[in-house]
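Q: coords_11.txt is reproduced below (compact mmCIF, C-alpha atoms and all ligand atoms).
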# COMPACT_ATOMS: atom_id res chain seq x y z
CA MET I 1 -34.15 38.01 -29.91
CA LEU I 2 -30.50 38.60 -30.63
CA MET I 3 -28.19 36.15 -28.81
CA PRO I 4 -24.85 37.46 -27.54
CA ASN I 5 -21.98 36.31 -29.69
CA ILE I 6 -20.10 34.03 -27.27
CA ARG I 7 -16.94 32.60 -28.76
CA VAL I 8 -16.86 28.86 -28.08
CA GLU I 9 -13.23 28.82 -26.90
CA GLU I 10 -13.88 31.59 -24.36
CA SER I 11 -17.02 30.17 -22.86
CA ARG I 12 -16.65 29.29 -19.20
CA ILE I 13 -19.88 27.31 -19.09
CA ALA I 14 -18.44 24.58 -21.27
CA GLN I 15 -14.90 23.91 -20.07
CA PRO I 16 -12.85 21.65 -22.33
CA ILE I 17 -12.54 18.15 -20.84
CA GLY I 18 -9.08 17.37 -22.15
CA ALA I 19 -7.83 15.19 -24.98
CA ALA I 20 -9.21 11.67 -25.08
CA LEU I 21 -6.56 8.95 -24.72
CA ASP I 22 -7.09 7.60 -28.25
CA ARG I 23 -6.60 11.00 -29.81
CA PHE I 24 -3.58 11.75 -27.61
CA ILE I 25 -1.91 8.46 -28.57
CA LYS I 26 -2.61 9.11 -32.25
CA ASN I 27 -1.35 12.71 -32.12
CA ASN I 28 1.87 11.64 -30.43
CA GLN I 29 2.56 8.54 -32.47
CA ASP I 30 5.32 10.27 -34.48
CA GLN I 31 7.45 10.73 -31.35
CA PHE I 32 7.99 7.01 -31.33
CA GLN I 33 10.92 5.85 -33.44
CA TYR I 34 9.04 2.81 -34.82
CA ALA I 35 5.93 4.87 -35.62
CA SER I 36 4.03 2.08 -37.32
CA GLY I 37 0.92 2.40 -35.20
CA GLU I 38 1.39 -0.99 -33.53
CA LEU I 39 2.56 0.44 -30.22
CA SER I 40 -0.40 2.80 -30.28
CA GLN I 41 -2.74 -0.13 -30.81
CA LEU I 42 -1.04 -2.03 -28.00
CA LEU I 43 -1.57 0.85 -25.59
CA ARG I 44 -5.21 1.01 -26.64
CA ASP I 45 -5.60 -2.76 -26.05
CA ILE I 46 -4.18 -2.36 -22.53
CA ALA I 47 -6.40 0.64 -21.85
CA LEU I 48 -9.47 -1.29 -22.98
CA ALA I 49 -8.67 -4.35 -20.86
CA ALA I 50 -8.15 -1.97 -17.92
CA LYS I 51 -11.70 -0.65 -18.41
CA VAL I 52 -13.02 -4.18 -18.03
CA VAL I 53 -10.88 -4.83 -14.97
CA ASN I 54 -11.99 -1.49 -13.55
CA ARG I 55 -15.62 -2.54 -13.94
CA GLU I 56 -14.93 -5.78 -12.10
CA VAL I 57 -12.89 -4.10 -9.36
CA ASN I 58 -15.73 -1.64 -8.81
CA LYS I 59 -18.36 -4.28 -8.26
CA ALA I 60 -16.10 -6.67 -6.37
CA GLY I 61 -18.23 -6.49 -3.23
CA LEU I 62 -21.43 -7.36 -5.07
CA ILE I 63 -20.50 -10.56 -6.82
CA ASP I 64 -18.45 -13.56 -5.87
CA ILE I 65 -15.07 -12.35 -7.06
CA MET I 66 -13.48 -11.32 -3.80
CA GLY I 67 -11.36 -13.67 -1.79
CA SER I 68 -8.86 -16.32 -2.59
CA MET I 69 -8.82 -18.96 -5.35
CA GLY I 70 -7.21 -21.46 -2.97
CA SER I 71 -4.11 -21.60 -5.23
CA GLN I 72 -0.75 -19.82 -5.10
CA ASN I 73 1.00 -17.74 -7.78
CA THR I 74 4.70 -17.83 -8.67
CA ALA I 75 5.49 -15.67 -5.66
CA GLY I 76 3.81 -18.13 -3.34
CA ASP I 77 1.07 -15.55 -2.64
CA MET I 78 -2.49 -16.80 -2.42
CA GLN I 79 -4.09 -15.98 -5.77
CA GLN I 80 -7.11 -13.75 -5.31
CA LYS I 81 -10.00 -14.28 -7.72
CA LEU I 82 -9.60 -10.74 -9.03
CA ASP I 83 -5.88 -11.37 -9.71
CA VAL I 84 -6.78 -14.32 -11.87
CA LEU I 85 -9.61 -12.47 -13.55
CA ALA I 86 -7.41 -9.47 -14.37
CA ASN I 87 -4.72 -11.79 -15.75
CA ILE I 88 -7.27 -13.40 -18.07
CA ARG I 89 -8.58 -10.00 -19.23
CA PHE I 90 -5.14 -8.62 -20.12
CA THR I 91 -3.93 -11.88 -21.70
CA ARG I 92 -7.04 -12.10 -23.85
CA ALA I 93 -6.84 -8.44 -24.96
CA LEU I 94 -3.16 -8.78 -25.90
CA MET I 95 -3.63 -12.11 -27.64
CA LYS I 96 -6.53 -10.80 -29.74
CA GLY I 97 -4.81 -7.47 -30.42
CA GLY I 98 -1.94 -9.28 -32.18
CA GLU I 99 0.80 -6.71 -31.45
CA ALA I 100 2.43 -8.67 -28.62
CA CYS I 101 4.10 -12.06 -29.12
CA ALA I 102 4.81 -12.88 -25.48
CA LEU I 103 3.57 -12.02 -22.03
CA ILE I 104 5.47 -12.14 -18.75
CA SER I 105 3.05 -12.06 -15.85
CA GLU I 106 3.19 -12.33 -12.09
CA GLU I 107 0.47 -14.96 -12.41
CA SER I 108 2.35 -17.35 -14.75
CA GLU I 109 5.47 -19.39 -13.95
CA SER I 110 6.87 -19.15 -17.48
CA PHE I 111 6.24 -16.57 -20.21
CA VAL I 112 3.05 -16.98 -22.24
CA ASP I 113 3.51 -17.40 -25.99
CA LEU I 114 0.61 -15.41 -27.48
CA ASN I 115 0.97 -17.18 -30.85
CA ASN I 116 1.22 -13.90 -32.69
CA ASP I 117 3.80 -12.44 -35.05
CA GLY I 118 3.69 -9.39 -32.81
CA LYS I 119 6.78 -7.21 -32.42
CA TYR I 120 6.37 -6.54 -28.71
CA VAL I 121 6.90 -8.35 -25.41
CA ILE I 122 4.80 -7.29 -22.42
CA ALA I 123 5.61 -7.71 -18.73
CA ILE I 124 2.60 -7.18 -16.49
CA ASP I 125 1.42 -7.36 -12.93
CA PRO I 126 -2.31 -7.54 -13.72
CA LEU I 127 -3.41 -6.64 -10.21
CA ASP I 128 -0.86 -5.29 -7.79
CA GLY I 129 -1.55 -4.81 -4.10
CA SER I 130 -3.80 -7.85 -3.94
CA SER I 131 -3.88 -7.95 -0.15
CA ASN I 132 -5.91 -4.73 -0.41
CA ILE I 133 -8.65 -6.13 -2.68
CA ASP I 134 -10.93 -7.45 0.04
CA VAL I 135 -10.81 -4.22 2.03
CA ASN I 136 -11.67 -1.79 -0.75
CA VAL I 137 -8.30 -0.04 -0.84
CA SER I 138 -6.69 1.20 -4.08
CA ILE I 139 -4.99 -1.40 -6.25
CA GLY I 140 -3.32 -1.19 -9.65
CA THR I 141 -2.01 -2.75 -12.85
CA ILE I 142 1.62 -2.25 -13.90
CA PHE I 143 2.98 -2.90 -17.40
CA SER I 144 6.21 -2.70 -19.41
CA VAL I 145 6.54 -2.89 -23.19
CA TYR I 146 9.69 -4.15 -24.96
CA ARG I 147 10.55 -4.66 -28.63
CA ARG I 148 10.96 -8.27 -29.63
CA LYS I 149 14.59 -8.86 -30.65
CA SER I 150 14.39 -12.14 -32.58
CA PRO I 151 12.87 -12.23 -36.07
CA VAL I 152 9.13 -12.97 -36.02
CA SER I 153 9.73 -16.17 -38.01
CA LYS I 154 11.85 -17.60 -35.15
CA PRO I 155 10.70 -18.95 -31.76
CA ILE I 156 10.67 -16.44 -28.90
CA SER I 157 14.07 -16.50 -27.19
CA ALA I 158 15.63 -15.52 -23.86
CA GLU I 159 16.96 -12.29 -25.42
CA ASP I 160 13.34 -11.27 -26.16
CA ILE I 161 12.19 -12.01 -22.65
CA LEU I 162 15.03 -11.07 -20.31
CA GLN I 163 15.61 -7.46 -21.37
CA CYS I 164 16.98 -4.66 -19.21
CA GLY I 165 14.54 -1.98 -18.04
CA SER I 166 16.47 0.58 -20.10
CA GLU I 167 15.18 -1.24 -23.21
CA GLN I 168 11.52 -0.55 -22.42
CA VAL I 169 9.77 1.36 -25.20
CA ALA I 170 6.78 2.16 -23.01
CA SER I 171 5.55 1.54 -19.50
CA GLY I 172 2.60 2.52 -17.41
CA TYR I 173 0.18 1.77 -14.66
CA ILE I 174 -3.53 1.92 -14.01
CA LEU I 175 -4.62 2.99 -10.56
CA TYR I 176 -8.05 1.78 -9.47
CA GLY I 177 -8.52 4.42 -6.78
CA SER I 178 -11.05 7.08 -5.84
CA SER I 179 -10.91 7.68 -9.58
CA THR I 180 -9.31 5.38 -12.12
CA MET I 181 -6.19 6.70 -13.80
CA LEU I 182 -3.89 5.49 -16.53
CA VAL I 183 -0.39 6.94 -16.44
CA TYR I 184 2.15 6.06 -19.13
CA THR I 185 5.36 7.01 -20.85
CA THR I 186 6.91 6.17 -24.20
CA GLY I 187 10.14 7.90 -23.24
CA HIS I 188 8.86 11.40 -24.01
CA GLY I 189 7.62 12.50 -20.60
CA VAL I 190 4.78 11.14 -18.51
CA ASN I 191 1.09 11.78 -19.02
CA GLY I 192 -1.86 10.85 -16.82
CA PHE I 193 -5.44 10.19 -17.94
CA THR I 194 -8.52 9.99 -15.74
CA TYR I 195 -11.29 7.59 -16.65
CA ASP I 196 -14.74 9.09 -17.05
CA HIS I 197 -17.01 6.09 -16.60
CA THR I 198 -20.08 7.98 -17.86
CA LEU I 199 -18.37 8.47 -21.24
CA GLY I 200 -16.31 5.26 -21.12
CA GLU I 201 -13.17 7.22 -22.00
CA TYR I 202 -9.86 8.28 -20.47
CA PHE I 203 -9.12 12.01 -20.69
CA LEU I 204 -5.80 13.77 -20.30
CA SER I 205 -5.96 15.21 -16.79
CA HIS I 206 -2.26 15.30 -15.83
CA PRO I 207 -0.14 16.41 -18.81
CA ASN I 208 3.67 16.24 -18.60
CA MET I 209 3.85 14.99 -15.01
CA LYS I 210 6.95 15.94 -13.01
CA ILE I 211 7.86 14.63 -9.59
CA PRO I 212 9.12 17.33 -7.19
CA VAL I 213 12.91 17.08 -6.80
CA ASP I 214 12.49 17.19 -3.03
CA GLY I 215 9.66 15.69 -1.06
CA ARG I 216 8.52 15.20 2.52
CA ILE I 217 6.72 11.85 2.37
CA TYR I 218 8.38 8.50 3.09
CA SER I 219 6.62 5.23 2.35
CA ILE I 220 8.01 2.04 3.85
CA ASN I 221 6.60 -0.83 5.88
CA GLU I 222 8.16 0.22 9.15
CA GLY I 223 6.73 -2.83 10.90
CA SER I 224 9.64 -4.73 9.35
CA ALA I 225 12.25 -2.27 10.69
CA ASN I 226 13.94 -4.94 12.82
CA SER I 227 14.93 -6.78 9.68
CA PHE I 228 16.20 -3.70 7.78
CA THR I 229 19.91 -2.87 7.40
CA ASP I 230 21.42 -0.15 9.60
CA ASP I 231 21.54 2.20 6.57
CA VAL I 232 17.78 1.93 6.02
CA ARG I 233 17.06 2.37 9.73
CA LYS I 234 19.30 5.46 9.75
CA TYR I 235 17.43 6.90 6.78
CA ILE I 236 14.08 6.37 8.51
CA GLN I 237 15.45 8.15 11.58
CA TYR I 238 16.60 11.00 9.31
CA CYS I 239 13.04 11.27 7.90
CA LYS I 240 11.68 11.49 11.45
CA ASP I 241 14.28 14.07 12.49
CA GLU I 242 13.25 16.14 9.47
CA LYS I 243 9.59 15.72 10.51
CA TYR I 244 8.66 14.09 7.22
CA THR I 245 5.24 12.46 6.87
CA ALA I 246 4.93 8.66 6.84
CA ARG I 247 2.38 7.28 4.35
CA TYR I 248 2.18 3.60 3.45
CA ILE I 249 -0.89 2.21 1.70
CA GLY I 250 0.77 -1.13 0.95
CA SER I 251 -0.29 -0.93 -2.71
CA LEU I 252 2.79 -0.07 -4.71
CA VAL I 253 0.91 1.75 -7.49
CA ALA I 254 -1.05 3.90 -5.04
CA ASP I 255 2.02 4.75 -2.94
CA PHE I 256 4.04 5.52 -6.07
CA HIS I 257 1.29 7.67 -7.59
CA ARG I 258 0.86 9.80 -4.47
CA ASN I 259 4.60 10.38 -4.24
CA LEU I 260 4.79 11.22 -7.95
CA LEU I 261 2.22 13.97 -7.45
CA LYS I 262 3.36 15.29 -4.07
CA GLY I 263 7.04 14.41 -3.84
CA GLY I 264 8.28 11.54 -1.72
CA ILE I 265 10.12 8.26 -1.60
CA TYR I 266 8.89 4.66 -1.63
CA ILE I 267 11.29 2.06 -0.27
CA TYR I 268 10.97 -1.70 -0.22
CA PRO I 269 14.45 -2.61 0.95
CA ALA I 270 16.29 -5.89 1.35
CA THR I 271 15.24 -7.48 4.64
CA SER I 272 16.62 -10.42 6.58
CA LYS I 273 13.53 -12.38 5.46
CA ASP I 274 13.84 -11.28 1.80
CA PRO I 275 17.53 -10.44 1.24
CA ALA I 276 16.81 -9.62 -2.42
CA GLY I 277 13.80 -7.49 -1.50
CA LYS I 278 10.20 -8.44 -2.19
CA LEU I 279 9.22 -6.60 -5.37
CA ARG I 280 9.64 -7.99 -8.87
CA LEU I 281 12.10 -6.36 -11.23
CA MET I 282 10.39 -7.26 -14.50
CA TYR I 283 6.75 -6.44 -13.88
CA GLU I 284 6.78 -4.03 -10.94
CA CYS I 285 10.01 -2.06 -10.60
CA ASN I 286 11.14 -1.53 -14.21
CA ALA I 287 7.88 0.09 -15.32
CA LEU I 288 7.75 2.47 -12.37
CA ALA I 289 11.49 3.23 -12.63
CA PHE I 290 11.00 4.29 -16.28
CA ILE I 291 8.10 6.56 -15.30
CA ALA I 292 9.99 7.99 -12.30
CA GLU I 293 13.01 8.88 -14.45
CA GLN I 294 10.83 10.35 -17.19
CA ALA I 295 9.17 12.52 -14.54
CA GLY I 296 12.55 13.72 -13.23
CA GLY I 297 12.88 11.27 -10.33
CA LEU I 298 15.16 8.34 -9.62
CA ALA I 299 14.85 4.59 -9.02
CA THR I 300 17.60 2.40 -7.58
CA ASP I 301 18.08 -0.88 -5.74
CA GLY I 302 19.80 1.13 -3.00
CA SER I 303 22.90 1.75 -5.08
CA LYS I 304 22.41 0.77 -8.71
CA ARG I 305 19.97 2.23 -11.24
CA ILE I 306 17.01 -0.17 -11.56
CA LEU I 307 16.89 0.24 -15.34
CA GLU I 308 20.44 -1.11 -15.69
CA ILE I 309 19.88 -4.40 -13.87
CA LYS I 310 20.11 -7.29 -16.33
CA PRO I 311 17.42 -9.81 -15.35
CA LYS I 312 18.42 -13.45 -15.07
CA ASP I 313 14.97 -14.70 -14.20
CA LEU I 314 11.39 -13.69 -15.03
CA HIS I 315 10.40 -13.40 -11.41
CA GLN I 316 13.62 -11.86 -10.08
CA ARG I 317 13.24 -9.65 -7.02
CA THR I 318 15.05 -6.44 -6.22
CA PRO I 319 15.18 -3.91 -3.39
CA PHE I 320 13.40 -0.77 -4.64
CA TYR I 321 14.00 2.90 -3.82
CA VAL I 322 11.94 5.21 -6.02
CA GLY I 323 10.71 8.79 -6.00
CA SER I 324 11.99 12.36 -5.69
CA ALA I 325 15.59 12.60 -6.91
CA ASN I 326 17.08 14.21 -3.81
CA MET I 327 15.35 11.78 -1.48
CA VAL I 328 16.48 8.68 -3.39
CA THR I 329 20.03 10.05 -3.52
CA LYS I 330 19.99 10.73 0.23
CA ALA I 331 18.56 7.27 1.02
CA LYS I 332 21.53 5.69 -0.77
CA GLY I 333 23.60 6.82 2.22
P1 LIG C 401 0.81 -7.20 -2.25
O1 LIG C 401 1.73 -8.12 -1.51
O2 LIG C 401 -0.44 -6.87 -1.49
O3 LIG C 401 0.52 -7.64 -3.67
O4 LIG C 401 3.82 -6.04 -4.98
C1 LIG C 401 3.41 -6.55 -3.84
C2 LIG C 401 2.91 -5.57 -2.80
O5 LIG C 401 1.58 -5.79 -2.41
C3 LIG C 401 3.01 -4.08 -3.17
O6 LIG C 401 1.93 -3.61 -3.92
C4 LIG C 401 3.10 -3.44 -1.82
O7 LIG C 401 3.70 -2.17 -1.84
C5 LIG C 401 3.90 -4.44 -1.04
O8 LIG C 401 3.75 -5.69 -1.69
C6 LIG C 401 3.42 -4.60 0.36
O9 LIG C 401 4.24 -5.51 1.03
P2 LIG C 401 4.27 -5.56 2.64
O10 LIG C 401 2.94 -6.07 3.07
O11 LIG C 401 5.38 -6.52 2.94
O12 LIG C 401 4.56 -4.18 3.13
Would you mind writing the file's structure down as structure tokens?

A:
Amino acid sequence: MLMPNIRVEESRIAQPIGAALDRFIKNNQDQFQYASGELSQLLRDIALAAKVVNREVNKAGLIDIMGSMGSQNTAGDMQQKLDVLANIRFTRALMKGGEACALISEESESFVDLNNDGKYVIAIDPLDGSSNIDVNVSIGTIFSVYRRKSPVSKPISAEDILQCGSEQVASGYILYGSSTMLVYTTGHGVNGFTYDHTLGEYFLSHPNMKIPVDGRIYSINEGSANSFTDDVRKYIQYCKDEKYTARYIGSLVADFHRNLLKGGIYIYPATSKDPAGKLRLMYECNALAFIAEQAGGLATDGSKRILEIKPKDLHQRTPFYVGSANMVTKAKG
């Protein structure tokens, strides 16, 4: 019997599933000014470690990895077992990969010397939103990549570690949500990949992501309103007058991701309890600020561009206003 001549590219029964992350990274390697392949390998190492963390996050209820370790991290937060586990997974992947020489992590007081001649420095929050782990709500990983400044023959110095956000060469996050996504930028737009666990691969699902210039979602912990400044309270009132929608998951990555897709603003302002804000400049805000700007949005500390803040300390905090450009501009007052 003669079969109809169906052209593969026109067949609707076999839709393309999108470029796999590895291939996408390889195809776009030339965009990067130091196109030696090391940054590509670094991104692959992070993506692989994230698969392992994803597996552990997904079975958290089944094995004894929920709950607290009984110790505190640098922020004074109780360390959750999954926080510690994720930190070990990423540290191990980056140490073995050899492209990174140093790691700045929420879970370590000082930077970790990875004993490599690697050309990159990584800042990471291995598991953000940890108070949501035990209740099965979305959590994430946030990372920033910097070029090492000192020669590889020399010890790692403060100029390698305390770099401005504007010096990031890549940043990204992994969202462990209803599906697992990896979103990253190398300064040439933002691309999002969804993890297909049956194939063990990330596929390009959100090419060239752009945040709407205007949005109607505001995300802030309004329970703390009594300790906000008058300007922040006024902005919240403005959002209510405009009949905006309030959405606050309490997991920075999840709140940021939703606003990136739909348009909105996330604010963690200075409060009377935390006059410098709560969030960490080096491993939370810088990475998301780079992505927001690459997607056409803005990120400030209420007045100044996040990416221009020169860090003085690894664990420095900052107020954080991030999201749709017009909303962040308006929230500045
Ligand atoms: P968590 O304390 O659960 O780790 O980065 C810290 C963070 O979560 C963010 O993910 C989240 O947006 C914020 O803190 C929540 O803080 P509040 O509970 O003070 O609103």

Q: For ligand LIG 401 (chain C), which residue out of I:Leu39, I:Ile306, I:Val183, I:Leu127 is the nearest one, using only C-alpha atoms and all ligand atoms?

A: I:Leu127

Q: Within 12 Å of Lys310 of chain I, counting all atoms listed in the file, which residues qualify if same-chain residues fewer than 6 places away don't, as a list in words?

A: Glu159, Ile161, Leu162, Gln163, Cys164, Gly165, Ser166, Glu167, Leu281, Met282, Asn286, Lys304, Gln316, Arg317 and Thr318 of chain I

Q: Would you pick out the contacts of Tyr283 of chain I at 6 Å or less, using all atoms listed in the file, so that residues sharing its chain but fewer than 4 positions from it are not included, and give the list as a list in words?

A: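 Residues near the query, excluding close chain neighbours: Ala123, Ile124 and Asp125 of chain I.
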
Q: Ranking I:Leu314, I:Leu85, I:Val190, I:Leu43 by minimum distance to Val112 of chain I and counting all atoms listed in the file, which one comes first?

A: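 Counting all atoms listed in the file, the residue closest to Val112 of chain I is I:Leu314.
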
Q: List the spatial neighbours of Gln41 of chain I as a list in words - criterion: any atom at most 9 Å away, all atoms listed in the file, same-chain residues fewer than 5 positions off excluded.

A: Ile25, Ile46, Gly97 and Glu99 of chain I

Q: Tell me, in Å to one decimal, how far atom C4 of ligand LIG 401 (chain C) is from atom CA of Leu114 of chain I.

A: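 Between atom C4 of ligand LIG 401 (chain C) and atom CA of Leu114 of chain I the gap is 28.4 Å.
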
Q: Using only C-alpha atoms, what table do you get, as a tab-separated table, when you list each residue of segment 279-298 of chain I with an atom no more than 10 Å from segment 256-274 of chain I, its nearest pair of atoms, and their distance in Å rounded to one decimal, rows by chain then rising number?

A:
residue	atom	partner	partner_atom	distance
I:Leu279	CA	I:Tyr268	CA	7.3
I:Leu288	CA	I:Phe256	CA	7.9
I:Ile291	CA	I:Leu260	CA	9.3
I:Ala292	CA	I:Leu260	CA	7.5
I:Ala295	CA	I:Leu260	CA	8.0
I:Gly296	CA	I:Leu260	CA	9.7
I:Gly297	CA	I:Leu260	CA	8.4
I:Leu298	CA	I:Ile265	CA	9.5

Q: Check which residues of chain I sit at most 6 Å from ligand LIG 401 (chain C) using all atoms listed in the file, and return one row each with the closest pair of atoms and their distance in Å to one decimal, ordered by chain and rising number, as CSV.

A:
residue,atom,partner,partner_atom,distance
I:Asp128,CA,C:LIG401,O3,4.9
I:Gly129,CA,C:LIG401,O2,3.5
I:Ser130,CA,C:LIG401,O2,4.3
I:Ser131,CA,C:LIG401,O2,3.8
I:Asn132,CA,C:LIG401,O2,6.0
I:Asn221,CA,C:LIG401,O12,4.8
I:Gly250,CA,C:LIG401,O7,4.2
I:Ser251,CA,C:LIG401,O6,3.7
I:Leu252,CA,C:LIG401,O7,3.7
I:Leu279,CA,C:LIG401,O4,5.4

Q: Restricting the output to C-alpha atoms, write the selected residues as a short mmCIF file (atom, residue, chain, number, x, y, z; two decimals), in the frame of the given file.

A:
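Ended up saving to part_4.cif:
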data_model
loop_
_atom_site.label_atom_id
_atom_site.label_comp_id
_atom_site.auth_asym_id
_atom_site.auth_seq_id
_atom_site.Cartn_x
_atom_site.Cartn_y
_atom_site.Cartn_z
CA ASP I 128 -0.86 -5.29 -7.79
CA GLY I 129 -1.55 -4.81 -4.10
CA SER I 130 -3.80 -7.85 -3.94
CA SER I 131 -3.88 -7.95 -0.15
CA ASN I 132 -5.91 -4.73 -0.41
CA ASN I 221 6.60 -0.83 5.88
CA GLY I 250 0.77 -1.13 0.95
CA SER I 251 -0.29 -0.93 -2.71
CA LEU I 252 2.79 -0.07 -4.71
CA LEU I 279 9.22 -6.60 -5.37
#

Q: The residues within 12 Å of (17.2, 1.9, 5.3), using all atoms listed in the file and the coordinates of the file, should be reported as a PyMOL selection string; which are they?

A: chain I and resi 218-222+224-239+265-271+301-303+319-321+328+330-333

Q: Excluding Leu42 of chain I and its own-chain neighbours fewer than 2 positions away, which residues fall within 12 Å of it when counting all atoms listed in the file? Please give them as a VMD selection string.

A: chain I and resid 22 25 36 to 40 44 to 49 90 93 to 101 118 to 122 143 to 147 169 to 171

Q: Could you turn the residues from that selection into a file that holds C-alpha atoms, as an mmCIF file, in the coordinates of the input?

A:
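Listing of result.cif after writing:
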data_model
loop_
_atom_site.group_PDB
_atom_site.id
_atom_site.type_symbol
_atom_site.label_atom_id
_atom_site.label_comp_id
_atom_site.auth_asym_id
_atom_site.auth_seq_id
_atom_site.Cartn_x
_atom_site.Cartn_y
_atom_site.Cartn_z
ATOM 1 C CA ASP I 22 -7.090 7.600 -28.250
ATOM 2 C CA ILE I 25 -1.910 8.460 -28.570
ATOM 3 C CA SER I 36 4.030 2.080 -37.320
ATOM 4 C CA GLY I 37 0.920 2.400 -35.200
ATOM 5 C CA GLU I 38 1.390 -0.990 -33.530
ATOM 6 C CA LEU I 39 2.560 0.440 -30.220
ATOM 7 C CA SER I 40 -0.400 2.800 -30.280
ATOM 8 C CA ARG I 44 -5.210 1.010 -26.640
ATOM 9 C CA ASP I 45 -5.600 -2.760 -26.050
ATOM 10 C CA ILE I 46 -4.180 -2.360 -22.530
ATOM 11 C CA ALA I 47 -6.400 0.640 -21.850
ATOM 12 C CA LEU I 48 -9.470 -1.290 -22.980
ATOM 13 C CA ALA I 49 -8.670 -4.350 -20.860
ATOM 14 C CA PHE I 90 -5.140 -8.620 -20.120
ATOM 15 C CA ALA I 93 -6.840 -8.440 -24.960
ATOM 16 C CA LEU I 94 -3.160 -8.780 -25.900
ATOM 17 C CA MET I 95 -3.630 -12.110 -27.640
ATOM 18 C CA LYS I 96 -6.530 -10.800 -29.740
ATOM 19 C CA GLY I 97 -4.810 -7.470 -30.420
ATOM 20 C CA GLY I 98 -1.940 -9.280 -32.180
ATOM 21 C CA GLU I 99 0.800 -6.710 -31.450
ATOM 22 C CA ALA I 100 2.430 -8.670 -28.620
ATOM 23 C CA CYS I 101 4.100 -12.060 -29.120
ATOM 24 C CA GLY I 118 3.690 -9.390 -32.810
ATOM 25 C CA LYS I 119 6.780 -7.210 -32.420
ATOM 26 C CA TYR I 120 6.370 -6.540 -28.710
ATOM 27 C CA VAL I 121 6.900 -8.350 -25.410
ATOM 28 C CA ILE I 122 4.800 -7.290 -22.420
ATOM 29 C CA PHE I 143 2.980 -2.900 -17.400
ATOM 30 C CA SER I 144 6.210 -2.700 -19.410
ATOM 31 C CA VAL I 145 6.540 -2.890 -23.190
ATOM 32 C CA TYR I 146 9.690 -4.150 -24.960
ATOM 33 C CA ARG I 147 10.550 -4.660 -28.630
ATOM 34 C CA VAL I 169 9.770 1.360 -25.200
ATOM 35 C CA ALA I 170 6.780 2.160 -23.010
ATOM 36 C CA SER I 171 5.550 1.540 -19.500
#
